[in-house]
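S.K.: The structure follows.
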Amino acid sequence: MTQRPYHIDVMISAKTIAARIEDLALTIRKEYCDTEKLVVIGLLRGSFVFIADLVRELDMNVEVDFLEVSSYGDAMESSRNVKIFKDLRGDIEGRDVLVVEDIVDTGHTMTSVMELLRSRHPRKIETIALLDKPVRREVEFKATWTGFEIPDAFVVGYGIDFAQANRNLPFIGSVVFEDDESAKV
Ligand code: 5GP
């Protein structure tokens, strides 16, 4: 299948992302001030760059684990199930946990992931999303901390892909299809 030609417009620069992560890390450090060792869980694959930068700003003991899920269900359901592709290596019962997501869109993925992780009885569990698209929400979900609220655009970069490409861009950009652009003129 041939790919529709597109270009990428910078939406959030690498410098802006780095500054925001520094601030968020300070807030998180305070929130977990009595935590001996924090379990930071990244949702694969889109959060891998974000989690790497975030944990390096967190001045505390951390463990890193990963979960890979996909949410599915039909449009009539208010919440979907998650299919686990890769489960956590560690046990989170009684632990202090931070879940790291790339984007909250409809809210289904994080709603299901939190239901799953809470059923494993962590002592404390909070969430951080780099990006949030509130206008797209179908189920109520708000991350404890959000990097940036963005409009309804398809974004790539900083770990986030389009058909497995563009994850290595250092910034967040929006995908603009050339045929959409030419339709405007
Ligand atoms: P939700 O369950 O909240 O609708 O979906 C969250 C997931 O949808 C994200 O983790 C991400 O994988 C995907 N997603 C949502 N918006 C975008 C986007 O703009 N670009 C990309 N590449 N994935 C997105």
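Naming scheme: A, B, ... for chains in displayed order of the structure tokens; residues 1 onward per chain; ligands 1 onward as shown.
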Output as an NGL selection string all residues of chain A that backbone DSSP marks as alpha helix (DSSP H).
M.R.: :A and (14-31 or 48-57 or 108-118 or 178-184)
S.K.: Around ligand 1, out to 9 Å and counting only C-alpha atoms and all ligand atoms, which residues are there? I want them as a PyMOL selection string.
M.R.: chain A and resi 43-47+70-72+80+101-112+131-133+136-139+141+152-157+159-164+167+174-175
S.K.: Could you write those residues out with C-alpha atoms, as a PDB file, in the first residue's frame?
M.R.:
ATOM      1  CA  LEU A  43       3.201   2.096  28.478  1.00  0.00           C
ATOM      2  CA  LEU A  44       4.870   0.786  25.341  1.00  0.00           C
ATOM      3  CA  ARG A  45       5.681   1.772  22.858  1.00  0.00           C
ATOM      4  CA  GLY A  46       4.894   5.478  22.684  1.00  0.00           C
ATOM      5  CA  SER A  47       6.164   6.452  26.159  1.00  0.00           C
ATOM      6  CA  SER A  70      -4.001  -2.316  23.266  1.00  0.00           C
ATOM      7  CA  SER A  71      -7.530  -1.299  24.038  1.00  0.00           C
ATOM      8  CA  TYR A  72     -10.357  -2.777  22.074  1.00  0.00           C
ATOM      9  CA  ARG A  80     -13.097  -1.125  26.694  1.00  0.00           C
ATOM     10  CA  GLU A 101       1.580   7.400  29.086  1.00  0.00           C
ATOM     11  CA  ASP A 102       2.324   9.256  25.848  1.00  0.00           C
ATOM     12  CA  ILE A 103      -1.164  10.555  24.938  1.00  0.00           C
ATOM     13  CA  VAL A 104      -4.598  10.460  26.545  1.00  0.00           C
ATOM     14  CA  ASP A 105      -7.062  10.592  23.679  1.00  0.00           C
ATOM     15  CA  THR A 106     -10.486   8.940  24.135  1.00  0.00           C
ATOM     16  CA  GLY A 107      -9.424   7.870  27.651  1.00  0.00           C
ATOM     17  CA  HIS A 108     -10.203   4.176  27.140  1.00  0.00           C
ATOM     18  CA  THR A 109      -6.626   2.913  27.381  1.00  0.00           C
ATOM     19  CA  MET A 110      -5.770   4.610  30.663  1.00  0.00           C
ATOM     20  CA  THR A 111      -9.159   3.835  32.214  1.00  0.00           C
ATOM     21  CA  SER A 112      -8.626   0.141  31.530  1.00  0.00           C
ATOM     22  CA  LEU A 131      -0.012  14.924  25.976  1.00  0.00           C
ATOM     23  CA  ASP A 132      -3.751  15.230  26.500  1.00  0.00           C
ATOM     24  CA  LYS A 133      -6.427  15.813  23.866  1.00  0.00           C
ATOM     25  CA  ARG A 136     -11.457  13.700  22.047  1.00  0.00           C
ATOM     26  CA  ARG A 137     -12.510  12.237  25.397  1.00  0.00           C
ATOM     27  CA  GLU A 138     -15.162   9.465  25.358  1.00  0.00           C
ATOM     28  CA  VAL A 139     -14.724   8.280  28.954  1.00  0.00           C
ATOM     29  CA  PHE A 141     -10.118  10.236  32.638  1.00  0.00           C
ATOM     30  CA  ASP A 152      -7.358  17.307  17.988  1.00  0.00           C
ATOM     31  CA  ALA A 153      -4.399  16.624  15.690  1.00  0.00           C
ATOM     32  CA  PHE A 154      -2.523  13.452  14.826  1.00  0.00           C
ATOM     33  CA  VAL A 155       0.899  13.853  16.396  1.00  0.00           C
ATOM     34  CA  VAL A 156       4.236  12.080  16.059  1.00  0.00           C
ATOM     35  CA  GLY A 157       7.758  12.292  17.413  1.00  0.00           C
ATOM     36  CA  GLY A 159       8.600   8.289  20.885  1.00  0.00           C
ATOM     37  CA  ILE A 160       5.222   8.544  19.135  1.00  0.00           C
ATOM     38  CA  ASP A 161       4.872   6.959  15.693  1.00  0.00           C
ATOM     39  CA  PHE A 162       2.964   7.105  12.466  1.00  0.00           C
ATOM     40  CA  ALA A 163       2.970   3.574  11.006  1.00  0.00           C
ATOM     41  CA  GLN A 164       6.093   2.857  13.104  1.00  0.00           C
ATOM     42  CA  ARG A 167       9.460   7.942  16.789  1.00  0.00           C
ATOM     43  CA  SER A 174       1.542  17.221  13.754  1.00  0.00           C
ATOM     44  CA  VAL A 175       1.079  15.194  10.588  1.00  0.00           C
TER      45      VAL A 175
END
S.K.: Can you list, as JSON, numbers by chain, every protein, DNA or RNA residue that comes within 7 Å of region 54-60 of chain A when you count only C-alpha atoms, leaving out same-chain residues fewer than 6 positions away?
M.R.: {"A": [21, 22, 25, 29]}
S.K.: Using only C-alpha atoms, which residues sit within 9 Å of Val40 (chain A) once same-chain residues fewer than 2 positions away are excluded, as a list in words?
M.R.: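 The residues that qualify are Leu38, Gly42, Ile51, Val55, Val62, Glu63, Val64, Asp65, Phe66, Asp96, Val97, Leu98, Val99 and Val100 of chain A.
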S.K.: Between CA of Ala165 (chain A) and CA of Ile17 (chain A), what is the distance, to one decimal in Å?
M.R.: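 The value is 20.1 Å.
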S.K.: Please run DSSP on the backbone and report, as JSON, numbers by chain, all residues within region 107-149 of chain A that come out as strand (DSSP E or B).
M.R.: {"A": [124, 125, 126, 127, 128, 129, 130, 131, 132, 145, 146, 147, 148, 149]}
S.K.: Could the residues in this selection be saved with N, CA, C and O atoms as a compact mmCIF listing (two decimals), in the first residue's frame?
M.R.:
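The result, stored in part_3.txt:
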# COMPACT_ATOMS: atom_id res chain seq x y z
N LYS A 124 0.12 3.15 46.42
CA LYS A 124 -0.24 4.46 45.87
C LYS A 124 0.01 4.38 44.37
O LYS A 124 1.02 3.80 43.93
N ILE A 125 -0.89 4.96 43.57
CA ILE A 125 -0.68 4.94 42.12
C ILE A 125 -1.17 6.25 41.51
O ILE A 125 -2.28 6.69 41.77
N GLU A 126 -0.28 6.90 40.76
CA GLU A 126 -0.61 8.15 40.08
C GLU A 126 -0.24 7.99 38.61
O GLU A 126 0.43 7.03 38.23
N THR A 127 -0.67 8.97 37.80
CA THR A 127 -0.44 8.86 36.35
C THR A 127 0.12 10.17 35.80
O THR A 127 -0.19 11.25 36.28
N ILE A 128 0.94 10.02 34.77
CA ILE A 128 1.41 11.20 34.06
C ILE A 128 1.29 10.93 32.56
O ILE A 128 1.66 9.85 32.09
N ALA A 129 0.75 11.92 31.84
CA ALA A 129 0.65 11.81 30.38
C ALA A 129 1.39 12.98 29.78
O ALA A 129 1.23 14.12 30.23
N LEU A 130 2.21 12.72 28.78
CA LEU A 130 2.92 13.83 28.14
C LEU A 130 1.92 14.75 27.45
O LEU A 130 2.00 15.96 27.58
N LEU A 131 0.95 14.14 26.75
CA LEU A 131 -0.01 14.92 25.98
C LEU A 131 -1.43 14.53 26.34
O LEU A 131 -1.70 13.38 26.67
N ASP A 132 -2.33 15.50 26.25
CA ASP A 132 -3.75 15.23 26.50
C ASP A 132 -4.56 15.94 25.43
O ASP A 132 -4.29 17.11 25.12
N TRP A 145 -0.88 14.24 36.36
CA TRP A 145 -0.09 15.33 35.77
C TRP A 145 -0.10 15.20 34.26
O TRP A 145 -0.06 14.08 33.72
N THR A 146 -0.16 16.34 33.58
CA THR A 146 -0.16 16.37 32.11
C THR A 146 0.94 17.32 31.65
O THR A 146 1.09 18.41 32.22
N GLY A 147 1.67 16.90 30.62
CA GLY A 147 2.71 17.77 30.07
C GLY A 147 2.09 18.93 29.31
O GLY A 147 2.29 20.10 29.66
N PHE A 148 1.30 18.61 28.31
CA PHE A 148 0.70 19.63 27.44
C PHE A 148 -0.69 19.21 26.99
O PHE A 148 -0.88 18.06 26.58
N GLU A 149 -1.63 20.14 27.04
CA GLU A 149 -2.93 19.89 26.40
C GLU A 149 -2.80 20.32 24.96
O GLU A 149 -2.27 21.40 24.67
S.K.: Quick one: pull the distance between CA of Ile150 (chain A) and CA of Pro134 (chain A), Å, one decimal.
M.R.: 7.8 Å
S.K.: Distance CA of Val69 (chain A)-CA of Ile92 (chain A), one decimal place?
M.R.: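 According to the coordinates, CA of Val69 (chain A) and CA of Ile92 (chain A) are separated by 17.2 Å.
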S.K.: With only C-alpha atoms as the basis for distance, which of A:Glu36, A:Leu26, A:Pro151, A:Asp180 is at the shortest distance from Val135 (chain A)?
M.R.: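 Of A:Glu36, A:Leu26, A:Pro151, A:Asp180, the one nearest Val135 (chain A), counting only C-alpha atoms, is A:Pro151.
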S.K.: Identify which of the residues A:Tyr32, A:Tyr158, A:Phe85, A:Phe177 lies closest to Asn61 (chain A), counting only C-alpha atoms when measuring atom-to-atom distances.
M.R.: A:Tyr32
S.K.: What lies within 7 Å of Arg123 (chain A) using only C-alpha atoms, ignoring chain neighbours under 6 positions off, as an MDAnalysis selection string?
M.R.: chainID A and resid 93:96
S.K.: Ranking A:Val113, A:Ile8, A:Leu169, A:Ala143 by minimum distance to Glu68 (chain A) and counting only C-alpha atoms, which one comes first?
M.R.: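 Smallest distance to Glu68 (chain A) is found for A:Val113.
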